[in-house]
Amino acid sequence: MNERDSEQVARMFVEGGYTLTGEEQEADAILVNTCSVRDQAEQKALGKMGMMGKYREKRSHVVYGFMGCMAQSRGEELFDRIPHLDLVVGTQKYHRVFDYVDGILRQRMEGRMDEVGAEMTSLRVEEELTKGRFVDRGEEEGSQNTIRDHVASGTRQASAFVSIMQGCNMRCSFCIVPDTRGKERGRPITEVVEEVKRLAGQGTREVTLLGQIVNLYGRTEFARVDGKSPFVQLLEAVHEVDGIERIRFTSPHPIGYRADLVKAFTYLPKLCSHIHFPMQSGSDRILKAMRRPYRNEKFVAICESMKAARPDLAITTDLNVGFPTETEEDFQATVDCVKLLQFDNSFIFRYSKRKDTPAAEMEGQLPERVKEERNQELLRLQSEIAMRKNGALIGTRQEVLCAGPSKTNKARLSGRTPQHKIVIFDGDAERMTGEIFEVDIEDSTGFTLYGTACLEEAVALGIPTVFALTTTPAFFERIGFSQAAVSSFPRKVWHECFRCPKYARCDEIAVSIDLRDRQSLDPHGQPLP
Ligand code: SF4
């Protein structure tokens, strides 16, 4: 979610004429989007911002700002921690960050208040900006409708996040989100669908619908229709969008995970076979202490019904170990449930106190040593399960959406299966990014699969021709093969031809690829630039 919010702010700057830089020392504005889920994340953000203060020595105009959850929860006190800080902007004000930073920068660069933009004047923040320290973390009606269109127009992003709601009405005793993100507020279905259509128009193939408690989307604003929750209605509407081939959502809560959502996985094929479904603990006593209003039995039953609805479903989860008063028996209940449900992967958190949460004040805080031991035991168990599950995929063929060069090895490509497993393979980034094709899996770790894109196999088989990326008769005539002849190629090769990565970009024009030398040709056989 923070990633999506950061992208939205970055987009506003780009559209406002700024350039993004990867070099901190070149930046005119340095903004850190903060998370409050764990204390460690806050300390890291504070440390990073502290370090970056040195750039002001040489460039006095640089604007420093905190955004997001820590900004929301700590507010003014951040100025005491970070003396060079200029701006603190809360979670309902991301859409205002550009105006604030731009206003401060203009003042500093030009030294003239009359240059401050009209928006700034209407926001009545001149006085605070003049002091150089400005905080905006108030509630803003309709702010959920400002969390949109974070992907810059003209940018092709294979997979994109779409925020559908803000806030959370639950009150888990370890979580600060209800304080930092406010009450649940959903965007209208039509607005979400319009955003998804715009993304599809830019070439996005996969959307992930985001919300703190995503399956409860719209429960306070929109009506159930034909027994379907607003969330299922939204899934159906997004499913209708041409060009979108995969739909994900995160994170659902066991409360409100009803039969209509389970059933949606049986008739909405674009829904990916993966859910990230936070369990937190396998002990009912601890769930109660966490103020998670469900029993483990219900969580297991939902997982089982989901697996029945989608047999190739992968389930990942969040687990919280070492919660106050957690006994060995409670912990073993979590271990047993992990063994039972065989999660594909888990984010395992060692409980740490979060300021201003009820759990931080509870009796029975556990020693760090106990938390660490339990954390390690669960990590070992989860790692064994993930290694075994991924190992079982060696020798299979998996559908992959290529996201582009791998983050850890730019020479290779990376993509995800519908089960959200990362796959690494070789290929042409320009041609394959944003396309869906199959990869033969040859190796694995607990986190990653490695394989060969099936397109490569067609080359290896030495099919000496140009393959059709369109099925118009004129095209077959030009390439010198009849449609029947192409159809008679080994099924595997034929299949690859028509799933070639260029296919989706092929409008009405017959474009082809010569698999021998990877050349793209126009309808007249001339290489495309
Ligand atoms: S459901 Fe619980 S853990 Fe999730 S955001 Fe809401 S309060 Fe936090």
# chains A, B, ... in the order shown; residues from 1 in each chain; ligands from 1
call {"tool": "residues_around", "arguments": {"residues": "His61 of chain A", "least_positions_apart": "4", "cutoff": "8 Å", "atoms": "only C-alpha atoms", "output": "list in words"}}
result
Asp28, Arg56, Leu105, Arg108 and Met109 of chain A
call {"tool": "write_last_selection", "arguments": {"atoms": "C-alpha atoms", "output": "JSON list (two decimals), in the first residue's frame"}}
result
[["chain", "number", "residue", "atom", "x", "y", "z"],
["A", 28, "ASP", "CA", 15.53, 19.33, -4.31],
["A", 56, "ARG", "CA", 21.20, 20.88, 3.14],
["A", 105, "LEU", "CA", 10.57, 25.17, -2.81],
["A", 108, "ARG", "CA", 13.14, 29.11, -0.96],
["A", 109, "MET", "CA", 14.25, 29.40, -4.56]]
call {"tool": "residues_around", "arguments": {"residues": "segment 265-277 of chain A", "least_positions_apart": "3", "cutoff": "7 Å", "atoms": "only C-alpha atoms", "output": "JSON, numbers by chain"}}
result
{"A": [239, 245, 246, 247, 248, 250, 251, 252, 253, 262, 309, 310, 312, 313, 314, 315, 316, 317, 418, 419, 420]}
call {"tool": "closest_atom_pairs", "arguments": {"of": "chain A", "to": "ligand 1", "cutoff": "9 Å", "atoms": "only C-alpha atoms and all ligand atoms", "output": "Markdown table"}}
result
| residue | atom | partner | partner_atom_place_in_ligand_line | distance |
| --- | --- | --- | --- | --- |
| A:Val37 | CA | ligand 1 | 8 (Fe) | 8.5 |
| A:Gly167 | CA | ligand 1 | 5 (S) | 7.4 |
| A:Cys168 | CA | ligand 1 | 6 (Fe) | 4.8 |
| A:Asn169 | CA | ligand 1 | 6 (Fe) | 6.4 |
| A:Met170 | CA | ligand 1 | 7 (S) | 4.6 |
| A:Arg171 | CA | ligand 1 | 7 (S) | 4.4 |
| A:Cys172 | CA | ligand 1 | 2 (Fe) | 4.2 |
| A:Ser173 | CA | ligand 1 | 7 (S) | 7.4 |
| A:Phe174 | CA | ligand 1 | 3 (S) | 7.3 |
| A:Cys175 | CA | ligand 1 | 8 (Fe) | 4.6 |
| A:Ile176 | CA | ligand 1 | 8 (Fe) | 6.4 |
| A:Val177 | CA | ligand 1 | 8 (Fe) | 5.0 |
| A:Pro178 | CA | ligand 1 | 7 (S) | 5.7 |
| A:Asp179 | CA | ligand 1 | 7 (S) | 8.9 |
| A:Arg181 | CA | ligand 1 | 5 (S) | 8.6 |
| A:Gly211 | CA | ligand 1 | 5 (S) | 8.7 |
| A:Gln212 | CA | ligand 1 | 5 (S) | 4.9 |
| A:Ile213 | CA | ligand 1 | 1 (S) | 5.7 |
| A:Ser251 | CA | ligand 1 | 4 (Fe) | 8.0 |
| A:Pro252 | CA | ligand 1 | 1 (S) | 8.4 |
| A:His253 | CA | ligand 1 | 1 (S) | 6.5 |
| A:Pro278 | CA | ligand 1 | 4 (Fe) | 8.5 |
| A:Gln280 | CA | ligand 1 | 3 (S) | 8.9 |
| A:Met290 | CA | ligand 1 | 2 (Fe) | 8.6 |
| A:Arg291 | CA | ligand 1 | 2 (Fe) | 8.1 |
| A:Arg292 | CA | ligand 1 | 2 (Fe) | 7.1 |
call {"tool": "residues_around", "arguments": {"residues": "segment 200-208 of chain A", "least_positions_apart": "6", "cutoff": "9 Å", "atoms": "only C-alpha atoms", "output": "PyMOL selection string"}}
result
chain A and resi 153-163+241-250+401+434-436+505
call {"tool": "write_last_selection", "arguments": {"atoms": "N, CA and C atoms", "output": "tab-separated table (two decimals), in the first residue's frame"}}
result
chain	number	residue	atom	x	y	z
A	153	SER	N	0.60	8.49	-16.97
A	153	SER	CA	0.08	8.17	-18.30
A	153	SER	C	1.24	8.01	-19.27
A	154	GLY	N	1.09	7.04	-20.16
A	154	GLY	CA	2.18	6.75	-21.10
A	154	GLY	C	3.16	5.73	-20.56
A	155	THR	N	3.02	5.36	-19.27
A	155	THR	CA	3.91	4.37	-18.68
A	155	THR	C	3.26	3.01	-18.79
A	156	ARG	N	4.01	2.01	-19.28
A	156	ARG	CA	3.44	0.67	-19.33
A	156	ARG	C	3.93	-0.13	-18.14
A	157	GLN	N	3.03	-0.53	-17.31
A	157	GLN	CA	3.36	-1.29	-16.12
A	157	GLN	C	2.58	-2.59	-16.18
A	158	ALA	N	3.28	-3.72	-16.24
A	158	ALA	CA	2.60	-5.01	-16.41
A	158	ALA	C	1.57	-5.23	-15.32
A	159	SER	N	1.93	-4.85	-14.13
A	159	SER	CA	1.08	-5.12	-12.98
A	159	SER	C	0.95	-3.83	-12.17
A	160	ALA	N	-0.25	-3.49	-11.75
A	160	ALA	CA	-0.42	-2.23	-11.02
A	160	ALA	C	-1.33	-2.42	-9.82
A	161	PHE	N	-1.07	-1.62	-8.80
A	161	PHE	CA	-1.94	-1.59	-7.62
A	161	PHE	C	-3.06	-0.59	-7.85
A	162	VAL	N	-4.22	-0.91	-7.31
A	162	VAL	CA	-5.34	0.04	-7.36
A	162	VAL	C	-5.95	0.09	-5.96
A	163	SER	N	-5.85	1.22	-5.31
A	163	SER	CA	-6.46	1.36	-3.98
A	163	SER	C	-7.96	1.47	-4.13
A	241	VAL	N	-13.31	-5.74	-17.53
A	241	VAL	CA	-12.44	-4.79	-18.25
A	241	VAL	C	-11.54	-5.53	-19.24
A	242	ASP	N	-11.69	-5.19	-20.52
A	242	ASP	CA	-10.86	-5.81	-21.56
A	242	ASP	C	-9.40	-5.45	-21.34
A	243	GLY	N	-8.55	-6.41	-21.59
A	243	GLY	CA	-7.10	-6.16	-21.47
A	243	GLY	C	-6.55	-6.58	-20.11
A	244	ILE	N	-7.40	-6.55	-19.10
A	244	ILE	CA	-6.95	-7.03	-17.77
A	244	ILE	C	-7.13	-8.54	-17.76
A	245	GLU	N	-6.06	-9.25	-17.49
A	245	GLU	CA	-6.13	-10.71	-17.53
A	245	GLU	C	-5.97	-11.35	-16.17
A	246	ARG	N	-5.48	-10.57	-15.22
A	246	ARG	CA	-5.32	-11.13	-13.88
A	246	ARG	C	-5.81	-10.12	-12.85
A	247	ILE	N	-6.49	-10.63	-11.84
A	247	ILE	CA	-6.97	-9.78	-10.74
A	247	ILE	C	-6.53	-10.41	-9.42
A	248	ARG	N	-5.92	-9.58	-8.59
A	248	ARG	CA	-5.56	-10.02	-7.23
A	248	ARG	C	-6.16	-9.02	-6.25
A	249	PHE	N	-6.14	-9.37	-4.98
A	249	PHE	CA	-6.53	-8.40	-3.95
A	249	PHE	C	-5.78	-8.72	-2.67
A	250	THR	N	-5.54	-7.68	-1.88
A	250	THR	CA	-4.88	-7.89	-0.60
A	250	THR	C	-5.22	-6.73	0.32
A	401	LEU	N	3.42	-13.90	-15.93
A	401	LEU	CA	3.32	-12.52	-16.44
A	401	LEU	C	4.68	-11.89	-16.22
A	434	GLY	N	5.53	-7.44	-19.73
A	434	GLY	CA	4.09	-7.16	-19.83
A	434	GLY	C	3.32	-8.24	-20.56
A	435	GLU	N	3.99	-9.30	-20.96
A	435	GLU	CA	3.30	-10.36	-21.69
A	435	GLU	C	3.14	-11.60	-20.81
A	436	ILE	N	2.14	-12.39	-21.18
A	436	ILE	CA	1.86	-13.63	-20.44
A	436	ILE	C	2.23	-14.80	-21.33
A	505	ARG	N	0.29	-7.05	-28.75
A	505	ARG	CA	0.50	-5.68	-29.23
A	505	ARG	C	0.15	-5.55	-30.72
call {"tool": "select_by_dssp", "arguments": {"residues": "segment 203-436 of chain A", "states": "alpha helix (DSSP H)", "output": "NGL selection string"}}
result
:A and (230-239 or 259-267 or 284-289 or 296-309 or 328-341 or 368-391 or 429-432)
call {"tool": "atom_distance", "arguments": {"atom1": "atom CA of Val32 of chain A", "atom2": "atom CA of Met67 of chain A"}}
result
6.1 Å
call {"tool": "select_by_dssp", "arguments": {"residues": "segment 223-353 of chain A", "states": "strand (DSSP E)", "output": "PyMOL selection string"}}
result
chain A and resi 246-250+274-276+314-321+345-350
call {"tool": "write_last_selection", "arguments": {"atoms": "N, CA and C atoms", "output": "mmCIF file, in the first residue's frame"}}
result
data_model
loop_
_atom_site.group_PDB
_atom_site.id
_atom_site.type_symbol
_atom_site.label_atom_id
_atom_site.label_comp_id
_atom_site.auth_asym_id
_atom_site.auth_seq_id
_atom_site.Cartn_x
_atom_site.Cartn_y
_atom_site.Cartn_z
ATOM 1 N N ARG A 246 -5.476 -10.572 -15.222
ATOM 2 C CA ARG A 246 -5.316 -11.132 -13.878
ATOM 3 C C ARG A 246 -5.811 -10.122 -12.845
ATOM 4 N N ILE A 247 -6.491 -10.630 -11.842
ATOM 5 C CA ILE A 247 -6.965 -9.777 -10.744
ATOM 6 C C ILE A 247 -6.529 -10.413 -9.423
ATOM 7 N N ARG A 248 -5.918 -9.583 -8.595
ATOM 8 C CA ARG A 248 -5.560 -10.023 -7.234
ATOM 9 C C ARG A 248 -6.159 -9.022 -6.250
ATOM 10 N N PHE A 249 -6.139 -9.369 -4.981
ATOM 11 C CA PHE A 249 -6.530 -8.400 -3.950
ATOM 12 C C PHE A 249 -5.784 -8.718 -2.668
ATOM 13 N N THR A 250 -5.545 -7.682 -1.883
ATOM 14 C CA THR A 250 -4.884 -7.894 -0.599
ATOM 15 C C THR A 250 -5.221 -6.728 0.318
ATOM 16 N N HIS A 274 -4.486 -17.299 -5.934
ATOM 17 C CA HIS A 274 -3.659 -16.981 -4.762
ATOM 18 C C HIS A 274 -4.426 -16.019 -3.865
ATOM 19 N N ILE A 275 -4.390 -16.291 -2.566
ATOM 20 C CA ILE A 275 -4.862 -15.274 -1.621
ATOM 21 C C ILE A 275 -3.810 -15.099 -0.533
ATOM 22 N N HIS A 276 -3.593 -13.836 -0.173
ATOM 23 C CA HIS A 276 -2.778 -13.581 1.017
ATOM 24 C C HIS A 276 -3.781 -13.360 2.143
ATOM 25 N N ALA A 314 -2.918 -21.060 -4.115
ATOM 26 C CA ALA A 314 -1.813 -20.892 -3.163
ATOM 27 C C ALA A 314 -2.298 -19.944 -2.078
ATOM 28 N N ILE A 315 -1.950 -20.254 -0.842
ATOM 29 C CA ILE A 315 -2.328 -19.370 0.266
ATOM 30 C C ILE A 315 -1.056 -18.934 0.975
ATOM 31 N N THR A 316 -0.896 -17.630 1.140
ATOM 32 C CA THR A 316 0.183 -17.100 1.974
ATOM 33 C C THR A 316 -0.472 -16.381 3.147
ATOM 34 N N THR A 317 0.306 -16.141 4.187
ATOM 35 C CA THR A 317 -0.327 -15.583 5.391
ATOM 36 C C THR A 317 0.630 -14.693 6.172
ATOM 37 N N ASP A 318 0.083 -14.017 7.187
ATOM 38 C CA ASP A 318 0.887 -13.293 8.175
ATOM 39 C C ASP A 318 0.759 -14.034 9.504
ATOM 40 N N LEU A 319 1.880 -14.226 10.167
ATOM 41 C CA LEU A 319 1.866 -14.873 11.484
ATOM 42 C C LEU A 319 2.591 -13.967 12.469
ATOM 43 N N ASN A 320 2.022 -13.875 13.661
ATOM 44 C CA ASN A 320 2.566 -12.990 14.683
ATOM 45 C C ASN A 320 2.949 -13.869 15.873
ATOM 46 N N VAL A 321 4.233 -14.029 16.153
ATOM 47 C CA VAL A 321 4.638 -14.908 17.260
ATOM 48 C C VAL A 321 5.152 -14.096 18.437
ATOM 49 N N ASN A 345 3.688 -19.609 1.593
ATOM 50 C CA ASN A 345 4.684 -18.789 2.278
ATOM 51 C C ASN A 345 4.025 -17.963 3.364
ATOM 52 N N SER A 346 4.838 -17.442 4.271
ATOM 53 C CA SER A 346 4.282 -16.649 5.379
ATOM 54 C C SER A 346 5.202 -15.474 5.676
ATOM 55 N N PHE A 347 4.596 -14.366 6.041
ATOM 56 C CA PHE A 347 5.370 -13.284 6.648
ATOM 57 C C PHE A 347 5.266 -13.527 8.148
ATOM 58 N N ILE A 348 6.389 -13.834 8.757
ATOM 59 C CA ILE A 348 6.360 -14.176 10.179
ATOM 60 C C ILE A 348 6.929 -13.005 10.974
ATOM 61 N N PHE A 349 6.103 -12.419 11.816
ATOM 62 C CA PHE A 349 6.514 -11.254 12.591
ATOM 63 C C PHE A 349 6.724 -11.665 14.042
ATOM 64 N N ARG A 350 7.843 -11.233 14.579
ATOM 65 C CA ARG A 350 8.072 -11.411 16.013
ATOM 66 C C ARG A 350 7.390 -10.225 16.677
#
call {"tool": "closest_residue", "arguments": {"among": "A:Lys353, A:Arg285, A:Lys228, A:Arg187", "to": "Leu261 of chain A", "atoms": "only C-alpha atoms"}}
result
A:Lys228
call {"tool": "atom_distance", "arguments": {"atom1": "atom CA of Gly50 of chain A", "atom2": "atom CA of Thr357 of chain A"}}
result
26.0 Å
call {"tool": "residues_around", "arguments": {"residues": "Tyr94 of chain A", "least_positions_apart": "2", "cutoff": "9 Å", "atoms": "only C-alpha atoms", "output": "PyMOL selection string"}}
result
chain A and resi 5-6+8-9+67-68+89-92+96-98+143+146-147
call {"tool": "write_last_selection", "arguments": {"atoms": "C-alpha atoms", "output": "PDB file, in the first residue's frame"}}
result
ATOM      1  CA  ASP A   5       0.970   5.785  -2.275  1.00  0.00           C
ATOM      2  CA  SER A   6       4.608   6.635  -3.040  1.00  0.00           C
ATOM      3  CA  GLN A   8       1.022   8.364  -6.633  1.00  0.00           C
ATOM      4  CA  VAL A   9       3.037  11.176  -5.038  1.00  0.00           C
ATOM      5  CA  MET A  67       4.521  11.156   4.730  1.00  0.00           C
ATOM      6  CA  GLY A  68       2.374   8.205   5.733  1.00  0.00           C
ATOM      7  CA  VAL A  89       1.913  14.912   5.889  1.00  0.00           C
ATOM      8  CA  GLY A  90      -0.571  12.301   7.097  1.00  0.00           C
ATOM      9  CA  THR A  91      -2.274   9.410   5.381  1.00  0.00           C
ATOM     10  CA  GLN A  92      -5.314  11.302   4.116  1.00  0.00           C
ATOM     11  CA  ARG A  96      -1.624  17.540  -1.205  1.00  0.00           C
ATOM     12  CA  VAL A  97       2.073  16.720  -0.877  1.00  0.00           C
ATOM     13  CA  PHE A  98       2.985  18.167  -4.258  1.00  0.00           C
ATOM     14  CA  SER A 143      -9.806  11.382   0.653  1.00  0.00           C
ATOM     15  CA  THR A 146      -7.920  10.851  -4.214  1.00  0.00           C
ATOM     16  CA  ILE A 147      -5.996   7.559  -4.031  1.00  0.00           C
TER      17      ILE A 147
END
call {"tool": "closest_residue", "arguments": {"among": "A:Ile422, A:Cys303, A:Leu20, A:Met165", "to": "Arg219 of chain A", "atoms": "only C-alpha atoms"}}
result
A:Met165
call {"tool": "residues_around", "arguments": {"residues": "segment 438-448 of chain A", "least_positions_apart": "2", "cutoff": "7 Å", "atoms": "only C-alpha atoms", "output": "PyMOL selection string"}}
result
chain A and resi 383+386-387+390-391+393-400+421-423+450-454
call {"tool": "write_last_selection", "arguments": {"atoms": "C-alpha atoms", "output": "PDB file, in the first residue's frame"}}
result
ATOM      1  CA  SER A 383      10.894 -22.762   4.799  1.00  0.00           C
ATOM      2  CA  ALA A 386       7.863 -23.670   0.776  1.00  0.00           C
ATOM      3  CA  MET A 387      10.921 -25.591  -0.493  1.00  0.00           C
ATOM      4  CA  ASN A 390       8.196 -25.141  -5.004  1.00  0.00           C
ATOM      5  CA  GLY A 391      10.306 -28.249  -5.597  1.00  0.00           C
ATOM      6  CA  LEU A 393       6.805 -27.573  -9.517  1.00  0.00           C
ATOM      7  CA  ILE A 394      10.109 -28.565 -11.135  1.00  0.00           C
ATOM      8  CA  GLY A 395       9.265 -30.180 -14.450  1.00  0.00           C
ATOM      9  CA  THR A 396       5.927 -28.394 -14.763  1.00  0.00           C
ATOM     10  CA  ARG A 397       4.974 -25.568 -17.082  1.00  0.00           C
ATOM     11  CA  GLN A 398       3.746 -22.401 -15.396  1.00  0.00           C
ATOM     12  CA  GLU A 399       1.983 -19.375 -16.817  1.00  0.00           C
ATOM     13  CA  VAL A 400       4.004 -16.238 -16.103  1.00  0.00           C
ATOM     14  CA  LYS A 421       5.388 -17.302  -7.180  1.00  0.00           C
ATOM     15  CA  ILE A 422       8.397 -15.471  -8.576  1.00  0.00           C
ATOM     16  CA  VAL A 423       9.895 -17.042 -11.718  1.00  0.00           C
ATOM     17  CA  TYR A 450      13.852 -20.795 -12.244  1.00  0.00           C
ATOM     18  CA  GLY A 451      13.045 -21.900 -15.765  1.00  0.00           C
ATOM     19  CA  THR A 452      13.065 -21.410 -19.511  1.00  0.00           C
ATOM     20  CA  ALA A 453      10.437 -19.484 -21.410  1.00  0.00           C
ATOM     21  CA  CYS A 454       8.660 -21.829 -23.781  1.00  0.00           C
TER      22      CYS A 454
END
call {"tool": "atom_distance", "arguments": {"atom1": "atom CA of Gln40 of chain A", "atom2": "atom CA of Ser73 of chain A"}}
result
15.2 Å
call {"tool": "residues_around", "arguments": {"residues": "Gly322 of chain A", "least_positions_apart": "4", "cutoff": "9 Å", "atoms": "only C-alpha atoms", "output": "list of chain:residue names"}}
result
A:Glu326, A:Thr327, A:Phe331, A:Phe349, A:Arg350, A:Tyr351, A:Ser352, A:Gln365, A:Leu366, A:Pro367, A:Glu368, A:Val370, A:Lys371, A:Glu372, A:Arg374, A:Asn375
call {"tool": "write_last_selection", "arguments": {"atoms": "C-alpha atoms", "output": "PDB file, in the first residue's frame"}}
result
ATOM      1  CA  GLU A 326       1.445 -16.521  24.395  1.00  0.00           C
ATOM      2  CA  THR A 327       2.181 -19.875  26.036  1.00  0.00           C
ATOM      3  CA  PHE A 331       2.469 -21.314  19.954  1.00  0.00           C
ATOM      4  CA  PHE A 349       6.514 -11.254  12.591  1.00  0.00           C
ATOM      5  CA  ARG A 350       8.072 -11.411  16.013  1.00  0.00           C
ATOM      6  CA  TYR A 351       5.722  -9.361  18.167  1.00  0.00           C
ATOM      7  CA  SER A 352       7.107  -5.931  19.010  1.00  0.00           C
ATOM      8  CA  GLN A 365       5.116  -9.412  27.580  1.00  0.00           C
ATOM      9  CA  LEU A 366       7.479 -12.225  26.583  1.00  0.00           C
ATOM     10  CA  PRO A 367      11.256 -12.137  26.791  1.00  0.00           C
ATOM     11  CA  GLU A 368      13.001 -11.457  23.473  1.00  0.00           C
ATOM     12  CA  VAL A 370      11.435 -16.711  23.718  1.00  0.00           C
ATOM     13  CA  LYS A 371      10.074 -14.658  20.840  1.00  0.00           C
ATOM     14  CA  GLU A 372      13.223 -15.270  18.835  1.00  0.00           C
ATOM     15  CA  ARG A 374       9.551 -19.292  18.337  1.00  0.00           C
ATOM     16  CA  ASN A 375      10.216 -17.075  15.365  1.00  0.00           C
TER      17      ASN A 375
END
call {"tool": "residues_around", "arguments": {"residues": "Met49 of chain A", "least_positions_apart": "6", "cutoff": "12 Å", "atoms": "only C-alpha atoms", "output": "PyMOL selection string"}}
result
chain A and resi 24+29-34+42-43+55-56+63-67+78-79+81-87
call {"tool": "decode", "arguments": {"residues": "segment 184-204 of chain A", "atoms": "N, CA and C atoms", "output": "PDB file, in the first residue's frame"}}
result
ATOM      1  N   GLU A 184     -12.994   3.092   7.715  1.00  0.00           N
ATOM      2  CA  GLU A 184     -13.121   2.521   6.373  1.00  0.00           C
ATOM      3  C   GLU A 184     -13.911   3.450   5.456  1.00  0.00           C
ATOM      4  N   ARG A 185     -13.328   3.732   4.304  1.00  0.00           N
ATOM      5  CA  ARG A 185     -14.000   4.544   3.289  1.00  0.00           C
ATOM      6  C   ARG A 185     -13.695   3.954   1.925  1.00  0.00           C
ATOM      7  N   GLY A 186     -14.739   3.552   1.210  1.00  0.00           N
ATOM      8  CA  GLY A 186     -14.530   2.915  -0.099  1.00  0.00           C
ATOM      9  C   GLY A 186     -14.753   3.878  -1.253  1.00  0.00           C
ATOM     10  N   ARG A 187     -14.023   3.658  -2.339  1.00  0.00           N
ATOM     11  CA  ARG A 187     -14.244   4.444  -3.560  1.00  0.00           C
ATOM     12  C   ARG A 187     -15.433   3.844  -4.317  1.00  0.00           C
ATOM     13  N   PRO A 188     -16.183   4.640  -5.034  1.00  0.00           N
ATOM     14  CA  PRO A 188     -17.295   4.071  -5.820  1.00  0.00           C
ATOM     15  C   PRO A 188     -16.775   3.070  -6.856  1.00  0.00           C
ATOM     16  N   ILE A 189     -17.579   2.029  -7.104  1.00  0.00           N
ATOM     17  CA  ILE A 189     -17.177   0.995  -8.069  1.00  0.00           C
ATOM     18  C   ILE A 189     -16.865   1.617  -9.427  1.00  0.00           C
ATOM     19  N   THR A 190     -17.691   2.558  -9.862  1.00  0.00           N
ATOM     20  CA  THR A 190     -17.474   3.131 -11.207  1.00  0.00           C
ATOM     21  C   THR A 190     -16.108   3.811 -11.302  1.00  0.00           C
ATOM     22  N   GLU A 191     -15.678   4.469 -10.224  1.00  0.00           N
ATOM     23  CA  GLU A 191     -14.381   5.162 -10.276  1.00  0.00           C
ATOM     24  C   GLU A 191     -13.234   4.174 -10.325  1.00  0.00           C
ATOM     25  N   VAL A 192     -13.360   3.097  -9.551  1.00  0.00           N
ATOM     26  CA  VAL A 192     -12.303   2.079  -9.561  1.00  0.00           C
ATOM     27  C   VAL A 192     -12.209   1.464 -10.956  1.00  0.00           C
ATOM     28  N   VAL A 193     -13.375   1.154 -11.523  1.00  0.00           N
ATOM     29  CA  VAL A 193     -13.383   0.519 -12.856  1.00  0.00           C
ATOM     30  C   VAL A 193     -12.782   1.459 -13.903  1.00  0.00           C
ATOM     31  N   GLU A 194     -13.099   2.745 -13.810  1.00  0.00           N
ATOM     32  CA  GLU A 194     -12.518   3.700 -14.772  1.00  0.00           C
ATOM     33  C   GLU A 194     -10.997   3.711 -14.658  1.00  0.00           C
ATOM     34  N   GLU A 195     -10.490   3.657 -13.430  1.00  0.00           N
ATOM     35  CA  GLU A 195      -9.029   3.641 -13.260  1.00  0.00           C
ATOM     36  C   GLU A 195      -8.440   2.360 -13.870  1.00  0.00           C
ATOM     37  N   VAL A 196      -9.119   1.244 -13.627  1.00  0.00           N
ATOM     38  CA  VAL A 196      -8.621  -0.027 -14.177  1.00  0.00           C
ATOM     39  C   VAL A 196      -8.639   0.020 -15.708  1.00  0.00           C
ATOM     40  N   LYS A 197      -9.661   0.633 -16.277  1.00  0.00           N
ATOM     41  CA  LYS A 197      -9.721   0.756 -17.747  1.00  0.00           C
ATOM     42  C   LYS A 197      -8.558   1.595 -18.260  1.00  0.00           C
ATOM     43  N   ARG A 198      -8.251   2.679 -17.541  1.00  0.00           N
ATOM     44  CA  ARG A 198      -7.129   3.524 -17.975  1.00  0.00           C
ATOM     45  C   ARG A 198      -5.833   2.716 -17.926  1.00  0.00           C
ATOM     46  N   LEU A 199      -5.665   1.921 -16.861  1.00  0.00           N
ATOM     47  CA  LEU A 199      -4.455   1.093 -16.749  1.00  0.00           C
ATOM     48  C   LEU A 199      -4.390   0.086 -17.900  1.00  0.00           C
ATOM     49  N   ALA A 200      -5.530  -0.546 -18.182  1.00  0.00           N
ATOM     50  CA  ALA A 200      -5.563  -1.528 -19.280  1.00  0.00           C
ATOM     51  C   ALA A 200      -5.184  -0.849 -20.591  1.00  0.00           C
ATOM     52  N   GLY A 201      -5.651   0.378 -20.765  1.00  0.00           N
ATOM     53  CA  GLY A 201      -5.330   1.134 -21.982  1.00  0.00           C
ATOM     54  C   GLY A 201      -3.852   1.426 -22.104  1.00  0.00           C
ATOM     55  N   GLN A 202      -3.155   1.463 -20.971  1.00  0.00           N
ATOM     56  CA  GLN A 202      -1.707   1.710 -20.982  1.00  0.00           C
ATOM     57  C   GLN A 202      -0.915   0.405 -21.037  1.00  0.00           C
ATOM     58  N   GLY A 203      -1.624  -0.720 -21.112  1.00  0.00           N
ATOM     59  CA  GLY A 203      -0.921  -1.992 -21.266  1.00  0.00           C
ATOM     60  C   GLY A 203      -0.822  -2.825 -20.004  1.00  0.00           C
ATOM     61  N   THR A 204      -1.441  -2.380 -18.915  1.00  0.00           N
ATOM     62  CA  THR A 204      -1.403  -3.180 -17.687  1.00  0.00           C
ATOM     63  C   THR A 204      -2.238  -4.444 -17.880  1.00  0.00           C
TER      64      THR A 204
END
